[in-house]
Amino acid sequence: MSRLVTKLPPLTLSNPIMSASGTFGHGLEMGAIVPPERLGALVSKTVTLEPRPGNPMPRVWETEAGFLNSIGLENRGLEAYMEDVLPTVAAAARAGTAIVTNIGGHTPQEFVQLAQALGERPEIAALEVNLSCPNVQGGKLPFATDPAAARDILAALANVTDKPLWAKLSPNVARIDEMALAVEEGGAAAITACNTLLGMAVDWRTRRPRLALVRGGYSGLGVRPVALRCAYDCARAVSIPVIGCGGISSAEHVLEFIVAGCTAVQVGSASFSDPGLLGRLAAEVEDLLEREDCPDLAELCGSLTEGAPCA
Ligand SMILES: Cc1cc2nc3c(=O)[nH]c(=O)nc-3n(C[C@H](O)[C@H](O)[C@H](O)COP(=O)(O)O)c2cc1C
């Protein structure tokens with residue numbers, strides 16, 4: 001699959017397809033259905049310093065086009081991740097799949113502590129910095145909406161670890177390009193665009209919200225145009241690579257994001273309705289490139305020409 005080789009300096013991935021954080025366990029839970037070596041990278045669920053129980057139920061609601069979740073970063077915490085999870089993903093790392101650990105915290109110090117501890121682990125190829133979870137801190141997104149705060153977190157992390165840092169941004173901002181520039185300035189090696197959109201659903205008959213905490217993160221099919229625009233805005237603003245994420249469920253979608261300027265993509269919600277998708281997608285992208293006579297992804301990346309075609 002040489003035409004899929006993907007450069008995300010300093011990493012080179014076998015292909016541009018990754019699991020999106022929180023939608024694929026830590027990666028190996030799906031091993032029987034999706035052999036991990038078929039992925040360019042496995043991105044973990046967000047890991048926090050301490051275990052978190054997550055938000056009260058109900059915390060998932062399916063809509064006509066995607067779904068809302070309010071999981072709230074449920075996870076077993078840093079210690080359990082390092083002791084139980086990392087040793088099990090080592091085989092995937094040896095098989096050539098980049099292991100990316102997504103980290104989240106309430107304060108800059110928590111992010112720094114996570115990066116210090118995880119930075120020592122050779123299994124990890126990169127850290128994805130979750131600046132943008134809408135389901136904690138009452139949806140206030142402190143690090144995702146303030147460019148200076150985001151830049152400072154990245155700079156503090158770059159100070160304590162040599163691992164490449166991917167900054168995961170939120171679409172819930174007026175100017176995502178300003179956030180992208182800020183994290184680039186802070187030392188991010190790449191940008192993931194983007195996390196979920198803030199949303200909600202109600203049952204008017206019972207006058208109750210569908211999610212216990214009312215608001216949740218909207219993902220899946222319906223968010224793709226928004227995510228594509230976010231990725232495009234980021235790619236135009238920065239010179240570091242952009243990883244597109246949001247509503248991707250086919251090889252056609254992957255190439256849309258690549259043409260808009262992404263170097264790689266992540267797939268999240270689509271795995272819930274089609275658990276085998278991530279195992280097939282790289283081969284499907286390769287077939288599509290061959291059928292359409294495209295030599296490789298690098299040639300397509302950012303090749304979008306502005307100006308609508310004549311009807
Ligand atoms: C159930 C669920 C849990 C998620 N958990 C996390 C998480 O722990 N950390 C994170 O950065 N993003 C999390 N996300 C966001 C996804 O990684 C992704 O950014 C978002 O869903 C958009 O992609 P998609 O439309 O392909 O799902 C979660 C999404 C879903 C649906």
# chains A, B, ... in the order shown; residues from 1 in each chain; ligands from 1

$ select_by_dssp --residues "range 48-293 of chain A" --states "alpha helix (DSSP H)" --output "VMD selection string"
chain A and resid 77 to 80 86 to 94 108 to 118 147 to 160 176 to 186 224 to 237 251 to 259 270 to 273 277 to 291

$ residues_around --residues "range 34-46 of chain A" --least-positions-apart "3" --cutoff "8 Å" --atoms "only C-alpha atoms" --output "short mmCIF file (atom, residue, chain, number, x, y, z; two decimals) with N, CA and C atoms, in the first residue's frame"
data_model
loop_
_atom_site.label_atom_id
_atom_site.label_comp_id
_atom_site.auth_asym_id
_atom_site.auth_seq_id
_atom_site.Cartn_x
_atom_site.Cartn_y
_atom_site.Cartn_z
N LEU A 13 3.33 6.81 8.80
CA LEU A 13 2.30 5.79 9.03
C LEU A 13 2.12 4.98 7.74
N SER A 14 1.70 3.71 7.91
CA SER A 14 1.48 2.86 6.73
C SER A 14 0.29 3.35 5.91
N ASN A 15 -0.65 3.99 6.56
CA ASN A 15 -1.80 4.54 5.84
C ASN A 15 -2.44 5.65 6.70
N PRO A 16 -3.37 6.42 6.10
CA PRO A 16 -3.88 7.61 6.82
C PRO A 16 -5.08 7.35 7.72
N ILE A 17 -5.44 6.08 7.92
CA ILE A 17 -6.68 5.77 8.65
C ILE A 17 -6.39 5.52 10.13
N MET A 18 -7.14 6.21 10.99
CA MET A 18 -6.98 6.05 12.44
C MET A 18 -8.36 5.89 13.08
N SER A 19 -8.35 5.26 14.24
CA SER A 19 -9.56 5.25 15.06
C SER A 19 -9.66 6.61 15.76
N ALA A 20 -10.88 7.09 15.97
CA ALA A 20 -11.07 8.35 16.70
C ALA A 20 -11.21 8.04 18.19
N SER A 21 -10.64 8.89 19.00
CA SER A 21 -10.62 8.66 20.45
C SER A 21 -12.03 8.40 21.01
N GLY A 22 -12.11 7.39 21.87
CA GLY A 22 -13.35 7.14 22.60
C GLY A 22 -14.36 6.29 21.87
N THR A 23 -14.06 5.94 20.62
CA THR A 23 -15.03 5.18 19.83
C THR A 23 -14.53 3.78 19.52
N PHE A 24 -13.36 3.43 20.04
CA PHE A 24 -12.72 2.17 19.64
C PHE A 24 -12.00 1.57 20.84
N GLY A 25 -12.50 1.83 22.04
CA GLY A 25 -11.82 1.38 23.25
C GLY A 25 -10.41 1.94 23.26
N HIS A 26 -9.47 1.11 23.70
CA HIS A 26 -8.07 1.53 23.59
C HIS A 26 -7.43 0.92 22.35
N GLY A 27 -8.24 0.21 21.56
CA GLY A 27 -7.72 -0.29 20.28
C GLY A 27 -7.86 -1.78 20.11
N LEU A 28 -7.51 -2.55 21.13
CA LEU A 28 -7.45 -3.99 20.92
C LEU A 28 -8.74 -4.71 21.24
N MET A 30 -11.28 -4.41 19.78
CA MET A 30 -11.91 -4.72 18.50
C MET A 30 -11.02 -5.63 17.65
N GLY A 31 -9.95 -6.16 18.26
CA GLY A 31 -8.93 -6.89 17.50
C GLY A 31 -9.46 -8.04 16.66
N LEU A 73 -15.78 11.39 29.50
CA LEU A 73 -14.40 10.92 29.72
C LEU A 73 -14.28 9.83 30.77
N ASN A 75 -13.03 6.74 32.28
CA ASN A 75 -11.84 5.91 32.03
C ASN A 75 -11.25 5.50 33.36
N ALA A 92 0.81 -4.34 18.64
CA ALA A 92 0.34 -3.54 17.51
C ALA A 92 1.40 -2.53 17.11
N ALA A 95 3.93 -4.20 15.12
CA ALA A 95 3.43 -4.52 13.78
C ALA A 95 3.37 -3.28 12.89
N GLY A 96 3.72 -2.13 13.43
CA GLY A 96 3.83 -0.93 12.61
C GLY A 96 2.69 0.06 12.77
N THR A 97 1.75 -0.22 13.67
CA THR A 97 0.66 0.74 13.90
C THR A 97 1.08 1.73 14.99
N ALA A 98 0.93 2.99 14.71
CA ALA A 98 1.32 3.99 15.72
C ALA A 98 0.30 3.99 16.85
N ILE A 99 0.78 3.91 18.07
CA ILE A 99 -0.10 3.98 19.24
C ILE A 99 -0.12 5.43 19.71
N VAL A 100 -1.32 6.00 19.70
CA VAL A 100 -1.46 7.41 20.08
C VAL A 100 -2.34 7.47 21.33
N THR A 101 -1.83 8.08 22.36
CA THR A 101 -2.60 8.16 23.61
C THR A 101 -3.21 9.56 23.71
N ASN A 102 -4.52 9.57 23.85
CA ASN A 102 -5.26 10.83 23.97
C ASN A 102 -5.34 11.18 25.46
N ILE A 103 -4.96 12.40 25.82
CA ILE A 103 -4.95 12.79 27.23
C ILE A 103 -5.89 13.98 27.47
N GLY A 104 -6.45 13.99 28.70
CA GLY A 104 -7.35 15.09 29.05
C GLY A 104 -7.17 15.47 30.51
N GLU A 128 -2.17 12.70 21.82
CA GLU A 128 -3.22 13.59 21.30
C GLU A 128 -3.79 14.34 22.50
N ASN A 130 -6.47 16.33 24.23
CA ASN A 130 -7.90 16.61 24.11
C ASN A 130 -8.22 17.94 24.78
N PRO A 275 -18.85 -2.09 12.51
CA PRO A 275 -17.63 -2.33 13.30
C PRO A 275 -16.43 -2.77 12.47
N GLY A 276 -16.67 -3.34 11.28
CA GLY A 276 -15.54 -3.80 10.47
C GLY A 276 -14.95 -2.71 9.59
N LEU A 278 -13.23 0.05 9.90
CA LEU A 278 -11.83 0.50 10.04
C LEU A 278 -10.84 -0.53 9.50
N GLY A 279 -11.26 -1.79 9.50
CA GLY A 279 -10.38 -2.83 8.96
C GLY A 279 -10.34 -2.84 7.44
N ARG A 280 -11.35 -2.26 6.79
CA ARG A 280 -11.42 -2.30 5.32
C ARG A 280 -11.01 -1.00 4.67
N ALA A 282 -8.62 1.34 4.61
CA ALA A 282 -7.36 1.65 3.92
C ALA A 282 -7.35 0.98 2.54
#

$ residues_around --residues "Ile258 in chain A" --least-positions-apart "5" --cutoff "12 Å" --atoms "only C-alpha atoms" --output "PDB file with C-alpha atoms, in the first residue's frame"
ATOM      1  CA  LEU A   4      -1.079   5.297   1.223  1.00  0.00           C
ATOM      2  CA  THR A   6       1.418   8.989   5.312  1.00  0.00           C
ATOM      3  CA  PRO A  16      -3.877   7.611   6.820  1.00  0.00           C
ATOM      4  CA  ILE A  17      -6.681   5.772   8.649  1.00  0.00           C
ATOM      5  CA  LEU A 228     -14.731  19.289   6.722  1.00  0.00           C
ATOM      6  CA  ALA A 231     -10.313  20.849   8.845  1.00  0.00           C
ATOM      7  CA  TYR A 232     -10.084  23.068   5.763  1.00  0.00           C
ATOM      8  CA  ALA A 235      -5.155  23.395   6.979  1.00  0.00           C
ATOM      9  CA  PRO A 241      -0.404  18.482   9.240  1.00  0.00           C
ATOM     10  CA  VAL A 242      -4.138  18.345   9.925  1.00  0.00           C
ATOM     11  CA  ILE A 243      -5.970  15.113  10.762  1.00  0.00           C
ATOM     12  CA  GLY A 244      -9.616  15.320   9.715  1.00  0.00           C
ATOM     13  CA  CYS A 245     -12.323  13.851  11.938  1.00  0.00           C
ATOM     14  CA  ILE A 248     -16.270   9.975   7.919  1.00  0.00           C
ATOM     15  CA  ALA A 251     -13.277   5.969   1.153  1.00  0.00           C
ATOM     16  CA  GLU A 252     -14.995   8.815  -0.719  1.00  0.00           C
ATOM     17  CA  HIS A 253     -15.246  10.765   2.545  1.00  0.00           C
ATOM     18  CA  THR A 263      -2.908  14.472   5.777  1.00  0.00           C
ATOM     19  CA  ALA A 264      -4.811  11.724   7.601  1.00  0.00           C
ATOM     20  CA  VAL A 265      -8.267  11.045   9.024  1.00  0.00           C
ATOM     21  CA  GLN A 266      -9.951   9.525  12.045  1.00  0.00           C
ATOM     22  CA  VAL A 285      -9.033   4.072  -0.291  1.00  0.00           C
ATOM     23  CA  LEU A 289      -7.091   5.855  -5.873  1.00  0.00           C
ATOM     24  CA  ASP A 296      -0.849   8.858  -4.168  1.00  0.00           C
ATOM     25  CA  LEU A 297      -2.342  10.792  -1.273  1.00  0.00           C
ATOM     26  CA  ALA A 298       0.413  13.382  -1.122  1.00  0.00           C
ATOM     27  CA  GLU A 299      -0.582  14.527  -4.603  1.00  0.00           C
ATOM     28  CA  LEU A 300      -4.220  14.940  -3.558  1.00  0.00           C
ATOM     29  CA  CYS A 301      -3.543  16.606  -0.197  1.00  0.00           C
ATOM     30  CA  GLY A 302      -4.789  20.201  -0.222  1.00  0.00           C
ATOM     31  CA  SER A 303      -5.435  20.121  -3.968  1.00  0.00           C
ATOM     32  CA  LEU A 304      -8.883  21.722  -3.652  1.00  0.00           C
TER      33      LEU A 304
END

$ residues_around --residues "range 193-207 of chain A" --least-positions-apart "4" --cutoff "7 Å" --atoms "only C-alpha atoms" --output "PyMOL selection string"
chain A and resi 132-134+168-172+214-219+227+230-231+242-246

$ atom_distance --atom1 "CA of Met179 in chain A" --atom2 "CA of Gly307 in chain A"
25.9 Å

$ closest_residue --among "A:Asn159, A:Arg52, A:Asp84, A:Val89" --to "Gly72 in chain A" --atoms "only C-alpha atoms"
A:Arg52

$ select_by_dssp --residues "range 168-285 of chain A" --states "strand (DSSP E)" --output "list in words"
Lys168, Leu169, Ala190, Ile191, Thr192, Ala193, Leu197, Leu198, Gly199, Met200, Val202, Asp203, Arg208, Pro209, Arg215, Gly216, Gly217, Tyr218, Ser219, Val242, Ile243, Gly244, Cys245, Ala264, Val265, Gln266 and Val267 of chain A

$ write_last_selection --atoms "C-alpha atoms" --output "PDB file, in the first residue's frame"
ATOM      1  CA  LYS A 168      -7.487  18.046  19.184  1.00  0.00           C
ATOM      2  CA  LEU A 169      -9.630  21.093  18.559  1.00  0.00           C
ATOM      3  CA  ALA A 190      -0.317  18.106  14.185  1.00  0.00           C
ATOM      4  CA  ILE A 191      -3.921  19.167  14.642  1.00  0.00           C
ATOM      5  CA  THR A 192      -6.945  16.897  14.901  1.00  0.00           C
ATOM      6  CA  ALA A 193     -10.014  18.693  13.574  1.00  0.00           C
ATOM      7  CA  LEU A 197     -20.403  19.640  18.182  1.00  0.00           C
ATOM      8  CA  LEU A 198     -22.381  20.693  21.220  1.00  0.00           C
ATOM      9  CA  GLY A 199     -25.986  19.590  20.839  1.00  0.00           C
ATOM     10  CA  MET A 200     -29.074  18.338  22.631  1.00  0.00           C
ATOM     11  CA  VAL A 202     -35.592  16.513  23.906  1.00  0.00           C
ATOM     12  CA  ASP A 203     -38.717  14.407  24.236  1.00  0.00           C
ATOM     13  CA  ARG A 208     -37.497  15.790  29.381  1.00  0.00           C
ATOM     14  CA  PRO A 209     -34.077  15.877  27.768  1.00  0.00           C
ATOM     15  CA  ARG A 215     -26.203  18.730  26.427  1.00  0.00           C
ATOM     16  CA  GLY A 216     -23.959  16.300  24.605  1.00  0.00           C
ATOM     17  CA  GLY A 217     -21.474  16.033  21.771  1.00  0.00           C
ATOM     18  CA  TYR A 218     -22.964  15.475  18.321  1.00  0.00           C
ATOM     19  CA  SER A 219     -21.005  13.202  15.967  1.00  0.00           C
ATOM     20  CA  VAL A 242      -4.138  18.345   9.925  1.00  0.00           C
ATOM     21  CA  ILE A 243      -5.970  15.113  10.762  1.00  0.00           C
ATOM     22  CA  GLY A 244      -9.616  15.320   9.715  1.00  0.00           C
ATOM     23  CA  CYS A 245     -12.323  13.851  11.938  1.00  0.00           C
ATOM     24  CA  ALA A 264      -4.811  11.724   7.601  1.00  0.00           C
ATOM     25  CA  VAL A 265      -8.267  11.045   9.024  1.00  0.00           C
ATOM     26  CA  GLN A 266      -9.951   9.525  12.045  1.00  0.00           C
ATOM     27  CA  VAL A 267     -13.134   7.488  12.030  1.00  0.00           C
TER      28      VAL A 267
END
